[in-house]
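Asker: One file is attached below, structure37.txt, containing compact mmCIF, C-alpha atoms.
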```txt
# COMPACT_ATOMS: atom_id res chain seq x y z
CA MET A 1 0.00 0.00 0.00
CA VAL A 2 2.89 2.35 0.70
CA TRP A 3 4.21 1.91 -2.82
CA VAL A 4 0.73 2.39 -4.30
CA LEU A 5 0.46 5.67 -2.37
CA ILE A 6 3.95 6.85 -3.38
CA LEU A 7 3.60 6.00 -7.07
CA SER A 8 0.09 7.46 -7.33
CA LEU A 9 1.09 10.75 -5.68
CA ALA A 10 4.27 10.87 -7.81
CA LEU A 11 2.20 10.62 -10.99
CA VAL A 12 -0.18 13.35 -9.79
CA VAL A 13 2.76 15.62 -8.98
CA TYR A 14 4.38 14.88 -12.34
CA VAL A 15 1.26 15.76 -14.32
CA ILE A 16 0.42 18.93 -12.38
CA ALA A 17 3.89 20.29 -11.65
CA GLY A 18 6.68 18.07 -12.99
CA TYR A 19 5.68 18.14 -16.64
CA PRO A 20 5.12 21.93 -16.69
CA LEU A 21 8.50 22.55 -15.04
CA LEU A 22 10.33 20.25 -17.47
CA LEU A 23 8.47 21.80 -20.40
CA LEU A 24 9.31 25.35 -19.36
CA ALA A 25 12.95 24.41 -18.76
CA LEU A 26 13.22 22.97 -22.29
CA TRP A 27 11.46 26.04 -23.66
CA ARG A 28 14.00 28.35 -22.05
CA LEU A 29 16.84 26.30 -23.51
CA LYS A 30 15.38 26.22 -27.02
CA GLY A 31 13.94 29.73 -27.13
CA ARG A 32 10.94 31.12 -28.98
CA ARG A 33 10.05 30.05 -32.50
CA ALA A 34 9.89 32.90 -35.01
CA VAL A 35 6.47 33.81 -36.43
CA PRO A 36 6.22 35.44 -39.90
CA ASP A 37 5.39 39.15 -39.93
CA SER A 38 2.99 38.88 -42.84
CA VAL A 39 1.13 36.43 -45.04
CA ALA A 40 -0.22 36.50 -48.59
CA PRO A 41 -3.98 37.15 -48.91
CA MET A 42 -6.05 34.00 -48.47
CA GLN A 43 -9.67 32.99 -48.62
CA VAL A 44 -10.69 32.59 -44.97
CA ASP A 45 -13.96 30.98 -43.89
CA PHE A 46 -15.30 31.55 -40.38
CA LEU A 47 -17.48 28.59 -39.42
CA ILE A 48 -19.95 29.16 -36.58
CA PRO A 49 -22.18 26.30 -35.38
CA ALA A 50 -25.21 27.56 -33.47
CA HIS A 51 -28.12 26.09 -31.56
CA ASN A 52 -30.61 28.59 -30.09
CA GLU A 53 -28.10 31.46 -30.03
CA ALA A 54 -30.58 34.28 -30.80
CA ALA A 55 -29.22 36.35 -27.92
CA ILE A 56 -25.68 36.49 -29.28
CA ILE A 57 -25.63 35.51 -32.98
CA LYS A 58 -25.89 39.05 -34.39
CA ALA A 59 -23.06 40.31 -32.20
CA LYS A 60 -20.98 37.25 -33.16
CA ILE A 61 -21.38 37.80 -36.92
CA GLU A 62 -20.68 41.52 -36.63
CA ASN A 63 -17.66 40.73 -34.46
CA CYS A 64 -16.20 38.48 -37.19
CA PHE A 65 -16.65 41.08 -39.93
CA ALA A 66 -15.16 43.82 -37.74
CA LEU A 67 -11.87 42.00 -37.13
CA SER A 68 -8.72 43.68 -38.37
CA ASN A 69 -7.84 42.32 -41.83
CA SER A 70 -4.46 43.90 -42.50
CA PHE A 71 -3.40 41.32 -45.08
CA GLY A 72 -6.48 41.66 -47.29
CA HIS A 73 -7.95 38.20 -46.85
CA ASP A 74 -11.17 37.32 -48.63
CA LEU A 75 -13.25 36.87 -45.48
CA ARG A 76 -16.49 34.89 -45.40
CA VAL A 77 -18.71 33.81 -42.52
CA THR A 78 -20.88 30.69 -42.48
CA VAL A 79 -23.43 30.15 -39.72
CA VAL A 80 -24.89 26.66 -39.53
CA SER A 81 -27.94 26.43 -37.30
CA ASP A 82 -28.35 23.02 -35.69
CA GLY A 83 -32.09 22.68 -35.30
CA SER A 84 -32.57 26.05 -33.60
CA ASN A 85 -36.17 26.67 -32.54
CA ASP A 86 -35.67 30.30 -31.54
CA ALA A 87 -34.92 33.30 -33.75
CA THR A 88 -31.27 32.40 -34.45
CA VAL A 89 -31.75 31.89 -38.19
CA GLU A 90 -34.01 34.90 -38.68
CA ILE A 91 -31.62 37.22 -36.87
CA ALA A 92 -28.60 35.91 -38.76
CA ARG A 93 -30.34 36.27 -42.13
CA SER A 94 -31.38 39.82 -41.29
CA ILE A 95 -27.73 40.86 -41.68
CA ASP A 96 -27.37 42.06 -45.26
CA ASP A 97 -23.82 41.10 -46.24
CA PRO A 98 -22.89 39.04 -49.33
CA ARG A 99 -20.01 37.50 -47.39
CA LEU A 100 -22.47 35.81 -44.99
CA THR A 101 -24.05 32.39 -45.55
CA VAL A 102 -26.66 31.00 -43.18
CA THR A 103 -27.62 27.33 -43.45
CA GLU A 104 -29.78 24.98 -41.42
CA THR A 105 -29.42 21.31 -40.65
CA PRO A 106 -32.35 18.98 -41.47
CA GLY A 107 -33.47 18.63 -37.86
CA ARG A 108 -31.20 18.42 -34.82
CA LEU A 109 -27.95 16.70 -35.80
CA GLY A 110 -25.75 17.92 -32.97
CA LYS A 111 -22.66 20.09 -33.29
CA LEU A 112 -20.62 17.42 -35.09
CA GLY A 113 -23.31 16.84 -37.71
CA ALA A 114 -23.68 20.57 -38.26
CA LEU A 115 -19.93 21.03 -38.70
CA ASN A 116 -19.69 18.09 -41.11
CA MET A 117 -22.52 19.46 -43.25
CA ALA A 118 -20.96 22.92 -43.44
CA LEU A 119 -17.39 21.72 -44.06
CA GLU A 120 -18.48 19.94 -47.25
CA ARG A 121 -19.47 23.32 -48.72
CA LEU A 122 -16.43 25.43 -47.79
CA THR A 123 -13.80 26.09 -50.44
CA GLY A 124 -11.44 28.56 -48.79
CA ASP A 125 -7.77 28.18 -47.89
CA VAL A 126 -8.29 28.29 -44.13
CA VAL A 127 -11.27 27.50 -41.91
CA VAL A 128 -11.58 29.39 -38.62
CA PHE A 129 -13.73 27.51 -36.11
CA SER A 130 -15.35 29.63 -33.43
CA ASP A 131 -18.20 29.07 -30.97
CA ALA A 132 -21.22 31.34 -31.25
CA ASN A 133 -20.75 32.77 -27.76
CA ALA A 134 -17.05 33.54 -28.25
CA LEU A 135 -16.49 37.20 -29.15
CA LEU A 136 -13.01 37.65 -30.58
CA SER A 137 -10.41 40.34 -29.97
CA HIS A 138 -9.87 42.83 -32.81
CA SER A 139 -6.45 41.41 -33.80
CA THR A 140 -7.53 37.76 -33.90
CA LEU A 141 -7.66 37.30 -37.70
CA ASP A 142 -4.30 38.99 -38.30
CA ALA A 143 -2.67 37.09 -35.45
CA LEU A 144 -3.95 33.69 -36.55
CA SER A 145 -3.30 34.10 -40.25
CA ARG A 146 0.38 35.11 -39.95
CA HIS A 147 1.29 31.58 -38.91
CA PHE A 148 0.08 30.16 -42.23
CA ALA A 149 2.95 31.88 -44.03
CA ASP A 150 4.96 28.96 -42.61
CA PRO A 151 4.13 25.98 -44.85
CA LYS A 152 4.82 23.58 -41.96
CA VAL A 153 2.01 25.05 -39.86
CA GLY A 154 -1.31 23.29 -40.42
CA GLY A 155 -3.36 24.85 -37.66
CA VAL A 156 -3.36 27.61 -35.06
CA CYS A 157 -5.27 27.80 -31.79
CA GLY A 158 -6.10 30.97 -29.89
CA GLN A 159 -6.32 31.91 -26.24
CA ILE A 160 -9.34 31.86 -23.91
CA THR A 161 -9.95 34.50 -21.26
CA ILE A 162 -12.54 33.79 -18.58
CA ASP A 163 -14.86 36.48 -17.24
CA GLU A 164 -14.03 36.39 -13.53
CA ASP A 165 -16.84 37.96 -11.53
CA GLU A 166 -15.93 39.05 -8.00
CA ASP A 167 -18.38 36.54 -6.51
CA GLY A 168 -17.74 33.79 -9.06
CA ALA A 169 -15.52 31.27 -7.26
CA ILE A 170 -15.76 28.65 -10.02
CA ALA A 171 -15.06 31.27 -12.71
CA LYS A 172 -11.99 32.51 -10.83
CA ALA A 173 -10.66 28.99 -10.46
CA ASP A 174 -11.42 28.25 -14.13
CA GLY A 175 -9.61 31.44 -15.13
CA ALA A 176 -6.56 30.35 -13.13
CA TYR A 177 -6.67 26.94 -14.79
CA TRP A 178 -6.80 28.42 -18.29
CA ARG A 179 -3.85 30.71 -17.55
CA TYR A 180 -1.92 27.63 -16.44
CA ASP A 181 -3.05 25.57 -19.45
CA GLN A 182 -2.22 28.30 -21.95
CA ALA A 183 1.21 28.85 -20.47
CA LEU A 184 1.81 25.20 -21.33
CA LYS A 185 0.39 25.68 -24.82
CA ARG A 186 2.73 28.59 -25.46
CA ALA A 187 5.77 26.51 -24.52
CA GLU A 188 4.51 23.43 -26.37
CA SER A 189 3.98 25.49 -29.51
CA ASP A 190 7.65 26.43 -29.65
CA LEU A 191 8.82 22.86 -28.95
CA GLY A 192 6.94 19.91 -30.46
CA GLY A 193 3.86 21.96 -31.33
CA THR A 194 0.73 22.76 -29.34
CA VAL A 195 -0.97 19.52 -28.28
CA SER A 196 -4.52 20.43 -29.38
CA ALA A 197 -6.96 23.30 -29.90
CA GLN A 198 -9.99 24.42 -27.91
CA GLY A 199 -13.29 25.03 -29.70
CA SER A 200 -13.70 28.73 -28.93
CA ILE A 201 -11.16 29.79 -31.57
CA TYR A 202 -8.83 27.81 -33.83
CA ALA A 203 -7.94 27.77 -37.52
CA ILE A 204 -6.93 24.91 -39.84
CA ARG A 205 -5.92 24.66 -43.49
CA ARG A 206 -9.05 23.47 -45.26
CA GLN A 207 -7.34 20.55 -47.00
CA LEU A 208 -6.41 19.14 -43.57
CA THR A 209 -10.00 19.07 -42.31
CA GLY A 210 -12.29 16.09 -42.71
CA PRO A 211 -15.47 14.45 -41.43
CA ILE A 212 -15.76 14.17 -37.66
CA PRO A 213 -17.02 10.76 -36.42
CA PRO A 214 -19.83 10.62 -33.84
CA GLY A 215 -19.07 11.00 -30.15
CA VAL A 216 -15.71 12.74 -30.52
CA ALA A 217 -14.51 16.14 -29.32
CA ASP A 218 -14.39 17.99 -32.66
CA ASP A 219 -11.78 20.56 -31.62
CA PHE A 220 -9.41 17.92 -30.27
CA LEU A 221 -9.70 15.50 -33.17
CA MET A 222 -9.67 18.16 -35.87
CA SER A 223 -6.53 19.78 -34.50
CA VAL A 224 -4.66 16.55 -33.69
CA ARG A 225 -5.27 15.24 -37.20
CA VAL A 226 -3.23 18.23 -38.40
CA VAL A 227 -0.22 16.73 -36.62
CA ASP A 228 -1.03 13.25 -37.90
CA GLN A 229 -0.80 14.61 -41.45
CA GLY A 230 2.72 15.90 -40.86
CA TYR A 231 2.04 19.54 -39.96
CA ARG A 232 2.59 21.54 -36.78
CA LEU A 233 -0.08 23.06 -34.56
CA ALA A 234 0.80 26.55 -33.30
CA PHE A 235 -0.50 28.68 -30.42
CA GLU A 236 -1.29 32.37 -30.87
CA PRO A 237 -1.88 34.30 -27.59
CA ARG A 238 -3.02 37.45 -29.43
CA ALA A 239 -6.02 35.64 -30.90
CA THR A 240 -8.23 35.87 -27.84
CA THR A 241 -11.83 35.32 -26.85
CA ARG A 242 -13.71 35.92 -23.61
CA GLU A 243 -16.09 33.37 -22.15
CA ALA A 244 -18.43 33.28 -19.14
CA VAL A 245 -18.47 30.27 -16.82
CA THR A 246 -21.51 28.98 -14.98
CA GLU A 247 -21.48 28.95 -11.16
CA ARG A 248 -23.93 26.03 -11.17
CA ALA A 249 -21.75 23.15 -10.04
CA GLY A 250 -24.08 20.52 -11.53
CA ASP A 251 -23.97 22.11 -15.00
CA GLU A 252 -20.19 22.42 -14.82
CA MET A 253 -19.94 18.76 -13.80
CA ALA A 254 -22.09 17.66 -16.74
CA ARG A 255 -19.89 19.65 -19.12
CA ARG A 256 -16.76 18.02 -17.71
CA ILE A 257 -18.20 14.53 -18.02
CA ARG A 258 -19.20 15.08 -21.64
CA SER A 259 -15.92 16.73 -22.67
CA THR A 260 -13.87 13.94 -21.07
CA GLU A 261 -15.94 11.16 -22.63
CA MET A 262 -15.63 12.74 -26.08
CA GLY A 263 -12.01 13.81 -25.59
CA TRP A 264 -10.93 10.37 -24.43
CA ARG A 265 -12.56 8.75 -27.46
CA GLY A 266 -10.64 11.12 -29.73
CA LEU A 267 -7.40 10.47 -27.85
CA MET A 268 -7.80 6.71 -28.24
CA MET A 269 -8.42 7.15 -31.98
CA MET A 270 -5.13 9.05 -32.22
CA ARG A 271 -3.20 7.17 -29.51
CA HIS A 272 -0.36 6.35 -31.89
CA LEU A 273 0.67 10.02 -31.63
CA MET A 274 1.46 9.57 -27.91
CA ASN A 275 4.58 7.57 -28.80
CA PRO A 276 7.64 9.85 -28.37
CA LEU A 277 9.76 7.37 -30.33
CA ALA A 278 7.57 8.07 -33.38
CA THR A 279 6.51 11.69 -32.84
CA GLY A 280 9.33 13.11 -30.70
CA LEU A 281 8.61 15.97 -28.33
CA TYR A 282 5.00 16.17 -29.49
CA GLY A 283 4.41 12.58 -28.38
CA TRP A 284 5.74 13.32 -24.89
CA GLN A 285 3.65 16.48 -24.72
CA LEU A 286 0.44 14.72 -25.82
CA LEU A 287 1.02 11.80 -23.43
CA SER A 288 1.65 14.13 -20.47
CA HIS A 289 -0.83 16.93 -21.18
CA LYS A 290 -3.77 14.83 -22.36
CA GLY A 291 -3.14 11.12 -21.68
CA LEU A 292 -1.80 11.12 -18.12
CA ARG A 293 -3.78 14.24 -17.23
CA ARG A 294 -7.04 12.40 -17.85
CA LEU A 295 -5.84 9.57 -15.58
CA VAL A 296 -5.19 11.86 -12.60
CA PRO A 297 -8.60 10.95 -11.06
CA LEU A 298 -7.48 7.31 -11.04
CA PHE A 299 -4.17 8.23 -9.40
CA LEU A 300 -5.98 10.37 -6.81
CA THR A 301 -8.40 7.53 -6.01
CA LEU A 302 -5.57 5.02 -5.57
CA ALA A 303 -3.67 7.46 -3.35
CA PHE A 304 -6.75 8.12 -1.18
CA VAL A 305 -7.73 4.46 -0.74
CA ALA A 306 -4.14 3.38 -0.04
CA ASN A 307 -3.72 6.19 2.48
CA LEU A 308 -6.90 5.13 4.34
CA PHE A 309 -5.36 1.71 4.95
CA LEU A 310 -2.13 3.32 6.17
CA ILE A 311 -3.61 5.76 8.70
CA GLY A 312 -2.19 4.99 12.15
CA GLN A 313 1.02 3.35 10.93
CA ASN A 314 3.08 6.49 11.54
CA TRP A 315 2.46 10.20 12.07
CA ALA A 316 3.32 11.24 8.51
CA LEU A 317 0.90 8.78 6.89
CA THR A 318 -1.78 9.70 9.42
CA VAL A 319 -1.43 13.43 8.80
CA LEU A 320 -1.48 12.88 5.03
CA GLY A 321 -4.56 10.68 5.26
CA LEU A 322 -6.48 13.08 7.50
CA GLY A 323 -5.44 15.93 5.20
CA GLN A 324 -6.89 14.12 2.19
CA ILE A 325 -10.15 13.45 4.04
CA ALA A 326 -10.41 17.12 5.06
CA PHE A 327 -9.69 18.23 1.49
CA TYR A 328 -12.56 16.22 0.00
CA VAL A 329 -14.95 17.08 2.84
CA LEU A 330 -14.23 20.77 2.21
CA ALA A 331 -15.01 20.32 -1.50
CA ALA A 332 -18.31 18.58 -0.68
CA LEU A 333 -19.30 21.38 1.70
CA ALA A 334 -18.43 24.01 -0.92
CA TRP A 335 -20.63 22.22 -3.45
CA ALA A 336 -23.54 22.01 -1.00
CA VAL A 337 -23.13 25.51 0.51
CA PRO A 338 -22.17 27.99 -2.29
CA PRO A 339 -21.32 30.93 0.08
CA LEU A 340 -18.37 28.88 1.39
CA ARG A 341 -16.73 29.22 -2.04
CA ARG A 342 -15.95 32.86 -1.26
CA LEU A 343 -13.47 31.82 1.43
CA PRO A 344 -9.81 32.00 0.28
CA GLY A 345 -8.82 28.90 -1.64
CA VAL A 346 -12.13 27.08 -1.24
CA GLY A 347 -13.27 27.83 -4.80
CA LYS A 348 -10.06 26.32 -6.17
CA VAL A 349 -10.51 23.20 -4.02
CA LEU A 350 -14.03 22.76 -5.37
CA PHE A 351 -12.90 23.37 -8.95
CA PHE A 352 -10.09 20.80 -8.61
CA VAL A 353 -12.40 18.14 -7.22
CA LEU A 354 -15.19 18.94 -9.71
CA GLY A 355 -12.77 18.73 -12.61
CA ASN A 356 -11.30 15.41 -11.55
CA LEU A 357 -14.65 13.87 -10.59
CA GLY A 358 -16.00 14.96 -13.97
CA MET A 359 -13.03 13.37 -15.72
CA ALA A 360 -13.50 10.15 -13.74
CA LEU A 361 -17.19 9.93 -14.64
CA GLY A 362 -16.38 10.86 -18.24
CA LEU A 363 -13.89 8.00 -18.46
CA VAL A 364 -16.52 5.62 -17.04
CA ALA A 365 -19.02 6.88 -19.64
CA TYR A 366 -16.48 6.24 -22.41
CA LEU A 367 -15.72 2.72 -21.14
CA ARG A 368 -19.46 1.99 -21.01
CA GLY A 369 -19.75 3.01 -24.66
CA ARG A 370 -21.80 6.19 -24.26
CA LYS A 371 -21.51 8.59 -27.19
CA SER A 372 -22.58 12.19 -26.68
CA SER A 373 -23.80 13.78 -29.88
CA VAL A 374 -26.58 16.25 -29.09
CA TRP A 375 -26.52 18.60 -26.09
CA THR A 376 -27.45 22.11 -25.10
CA PRO A 377 -24.42 24.34 -24.39
CA VAL A 378 -24.01 25.50 -20.78
CA ARG A 379 -24.40 29.26 -20.45
CA ALA A 380 -23.58 31.27 -17.35
```
For the structure just supplied, provide its representation as structure tokens.

Answerer:
Amino acid sequence: MVWVLILSLALVVYVIAGYPLLLLALWRLKGRRAVPDSVAPMQVDFLIPAHNEAAIIKAKIENCFALSNSFGHDLRVTVVSDGSNDATVEIARSIDDPRLTVTETPGRLGKLGALNMALERLTGDVVVFSDANALLSHSTLDALSRHFADPKVGGVCGQITIDEDEDGAIAKADGAYWRYDQALKRAESDLGGTVSAQGSIYAIRRQLTGPIPPGVADDFLMSVRVVDQGYRLAFEPRATTREAVTERAGDEMARRIRSTEMGWRGLMMMRHLMNPLATGLYGWQLLSHKGLRRLVPLFLTLAFVANLFLIGQNWALTVLGLGQIAFYVLAALAWAVPPLRRLPGVGKVLFFVLGNLGMALGLVAYLRGRKSSVWTPVRA
């Protein structure tokens, strides 16, 4: 039991702290990768899947057309409504711009079905994928497109910024997590390449896109297939979007379960890329950042159970075991009594436990064969 405890905690520490420290050390040794200052004009398609986004769709379309376009790209926007039963389609079509195309799926297909239908009709050089609720910073198009002057770059992912309300403990913790995650992405980009994109904002050469199979995280699979085809995935911190996070712990948990189930399925489809002997630094990065990270709930469970059996054997094991019990009790209380989340550090404890419990349940859902395809996005 002692060795189970030691090895489990060592793996948790490696994933959360060891890998980032090694990554940043390598990054400092290698230095930053140069990004071209300009790029030749391209045909760029913004692809926006939407389900019941009447409240935001007009602002989203106008936001895309208002982006700085210093390099003179031929910019087009395609909105694909996935079975919306509100005014999403009517509002989108009320915008009189020849560069805008609004299409509808035949019934509710889910995000993946909507994306697949729209991708068949796009003919541009680059497709920019962006969620309907993600309003982009003014420099996003310029910042993303510069990377495509490098013929080895197949895709570029942007940066997420979380709206952190003063009273939003989960949002604050989520914001801290994304700052941590994107610091890793920045270093990974300059080494083996960014591991994967996130759906709020990323761009891929159209010829590298393809149909997305059911039950898979589209942003993960679409971006990782770029690497599988011999190209590099880059990270661009100046291509930013702001997102709100729900403070409803149950909704956040459901989102985590679904994203893990779909993400794990995509990772298993592309598991050959996690071999550093075949894919070099990228393989190590993917294995550490995505593979082992999704197994942290298993390591935490093993460490907790082993420690329970070891309480009383010596003072160190007893203190560690009681500390683990107190940690999880505090998270449960914070879930049940939201005002507790305002206490220093409590929101981060809840967020950590929520995230890992969600990943554990998502892995169970994957192993049981569940395939998420149609869902309603969580809004704050």

Asker: Can you work out which one of A:Ala316, A:Arg265, A:Gln324, A:Gly113 has the shortest atom-to-atom distance to Ala303 in chain A, counting only C-alpha atoms?

Answerer: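 The answer is A:Gln324, which sits nearest to Ala303 in chain A.
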
Asker: Could you give me, as JSON lines, a per-residue list for range 90-194 of chain A showing, wherever an atom lies at most 10 Å from an atom of range 216-224 of chain A, the closest pair of atoms and their distance in Å to one decimal, using all atoms listed in the file and sorting by chain then residue number from low to high?

Answerer:
```
{"residue": "A:Lys111", "atom": "CA", "partner": "A:Asp218", "partner_atom": "CA", "distance": 8.6}
{"residue": "A:Leu112", "atom": "CA", "partner": "A:Asp218", "partner_atom": "CA", "distance": 6.7}
{"residue": "A:Leu115", "atom": "CA", "partner": "A:Asp218", "partner_atom": "CA", "distance": 8.7}
{"residue": "A:Asn116", "atom": "CA", "partner": "A:Asp218", "partner_atom": "CA", "distance": 10.0}
{"residue": "A:Phe129", "atom": "CA", "partner": "A:Asp219", "partner_atom": "CA", "distance": 8.5}
{"residue": "A:Ser130", "atom": "CA", "partner": "A:Asp219", "partner_atom": "CA", "distance": 9.9}
{"residue": "A:Gly154", "atom": "CA", "partner": "A:Ser223", "partner_atom": "CA", "distance": 8.6}
{"residue": "A:Gly155", "atom": "CA", "partner": "A:Ser223", "partner_atom": "CA", "distance": 6.8}
{"residue": "A:Val156", "atom": "CA", "partner": "A:Ser223", "partner_atom": "CA", "distance": 8.5}
{"residue": "A:Cys157", "atom": "CA", "partner": "A:Ser223", "partner_atom": "CA", "distance": 8.6}
{"residue": "A:Thr194", "atom": "CA", "partner": "A:Val224", "partner_atom": "CA", "distance": 9.3}
```

Asker: Using all atoms listed in the file, which residue out of A:Ala66, A:Leu47, A:Ile201, A:Leu286 lies closest to Pro237 in chain A?

Answerer: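 Closest candidate: A:Ile201.
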
Asker: Between CA of Leu24 in chain A and CA of Leu277 in chain A, what is the distance, to one decimal in Å?

Answerer: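 Between CA of Leu24 in chain A and CA of Leu277 in chain A the gap is 21.1 Å.
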
Asker: Report, in Å to a single decimal, how far apart CA of Ala254 in chain A and CA of Ala183 in chain A are.

Answerer: 26.1 Å

Asker: So how far away is CA of Thr241 in chain A from CA of Leu136 in chain A, in Å?

Answerer: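 Taking CA of Leu136 in chain A as the start and CA of Thr241 in chain A as the end point, the length is 4.6 Å.
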
Asker: So which one's closest to Leu9 in chain A, A:Ser288, A:Asn133, A:Thr301, A:Thr318? Using all atoms listed in the file, please.

Answerer: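 Using all atoms listed in the file, Leu9 in chain A sits closest to A:Thr301.
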
Asker: In the coordinates of the file, take the point (-38.4, 29.2, -30.3) and a cut-off of 12 Å; then, counting only C-alpha atoms, name each qualifying protein, DNA or RNA residue as an MDAnalysis selection string.

Answerer: chainID A and resid 51:55 83:90

Asker: Give me, as JSON, numbers by chain, all polymer residues having an atom no more than 12 Å from Gly230 in chain A, counting only C-alpha atoms and skipping those fewer than 2 positions away in the same chain.

Answerer: {"A": [151, 152, 153, 154, 155, 192, 193, 208, 223, 224, 225, 226, 227, 228, 232, 233, 273, 278, 279, 282]}

Asker: Output C-alpha atoms for every residue in that selection, as an mmCIF file, keeping the file's coordinate frame.

Answerer:
```
data_model
loop_
_atom_site.group_PDB
_atom_site.id
_atom_site.type_symbol
_atom_site.label_atom_id
_atom_site.label_comp_id
_atom_site.auth_asym_id
_atom_site.auth_seq_id
_atom_site.Cartn_x
_atom_site.Cartn_y
_atom_site.Cartn_z
ATOM 1 C CA PRO A 151 4.130 25.980 -44.850
ATOM 2 C CA LYS A 152 4.820 23.580 -41.960
ATOM 3 C CA VAL A 153 2.010 25.050 -39.860
ATOM 4 C CA GLY A 154 -1.310 23.290 -40.420
ATOM 5 C CA GLY A 155 -3.360 24.850 -37.660
ATOM 6 C CA GLY A 192 6.940 19.910 -30.460
ATOM 7 C CA GLY A 193 3.860 21.960 -31.330
ATOM 8 C CA LEU A 208 -6.410 19.140 -43.570
ATOM 9 C CA SER A 223 -6.530 19.780 -34.500
ATOM 10 C CA VAL A 224 -4.660 16.550 -33.690
ATOM 11 C CA ARG A 225 -5.270 15.240 -37.200
ATOM 12 C CA VAL A 226 -3.230 18.230 -38.400
ATOM 13 C CA VAL A 227 -0.220 16.730 -36.620
ATOM 14 C CA ASP A 228 -1.030 13.250 -37.900
ATOM 15 C CA ARG A 232 2.590 21.540 -36.780
ATOM 16 C CA LEU A 233 -0.080 23.060 -34.560
ATOM 17 C CA LEU A 273 0.670 10.020 -31.630
ATOM 18 C CA ALA A 278 7.570 8.070 -33.380
ATOM 19 C CA THR A 279 6.510 11.690 -32.840
ATOM 20 C CA TYR A 282 5.000 16.170 -29.490
#
```

Asker: For a cutoff of 10 Å around the file-coordinate point (0.5, 7.2, -1.7), which residues qualify once you count all atoms listed in the file? I'd like the result as a ChimeraX atom specification.

Answerer: /A:1-10,299-308,310,317,320-321

Asker: Identify which of the residues A:Phe235, A:Gly347, A:Gly72, A:Ala92 lies closest to Lys60 in chain A, counting only C-alpha atoms when measuring atom-to-atom distances.

Answerer: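 Once distances to Lys60 in chain A are computed over only C-alpha atoms, the minimum belongs to A:Ala92.
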
Asker: Which one is closest to Leu363 in chain A: A:Met268, A:Met274, A:Ile325, A:Ala332? Count only C-alpha atoms.

Answerer: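 Ranking A:Met268, A:Met274, A:Ile325, A:Ala332 by distance to Leu363 in chain A, first place goes to A:Met268.
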
Asker: Quick one: of A:Leu26, A:Ile204, A:Ile95, A:Leu357, who's nearest to Ala59 in chain A, counting only C-alpha atoms?

Answerer: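 The answer is A:Ile95, which sits nearest to Ala59 in chain A.
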
Asker: Write out as JSON, numbers by chain each polymer residue whose atoms come within 8 Å of Val346 in chain A, counting all atoms listed in the file; drop sequence neighbours fewer than 6 positions from it.

Answerer: {"A": [330, 331, 334, 340]}
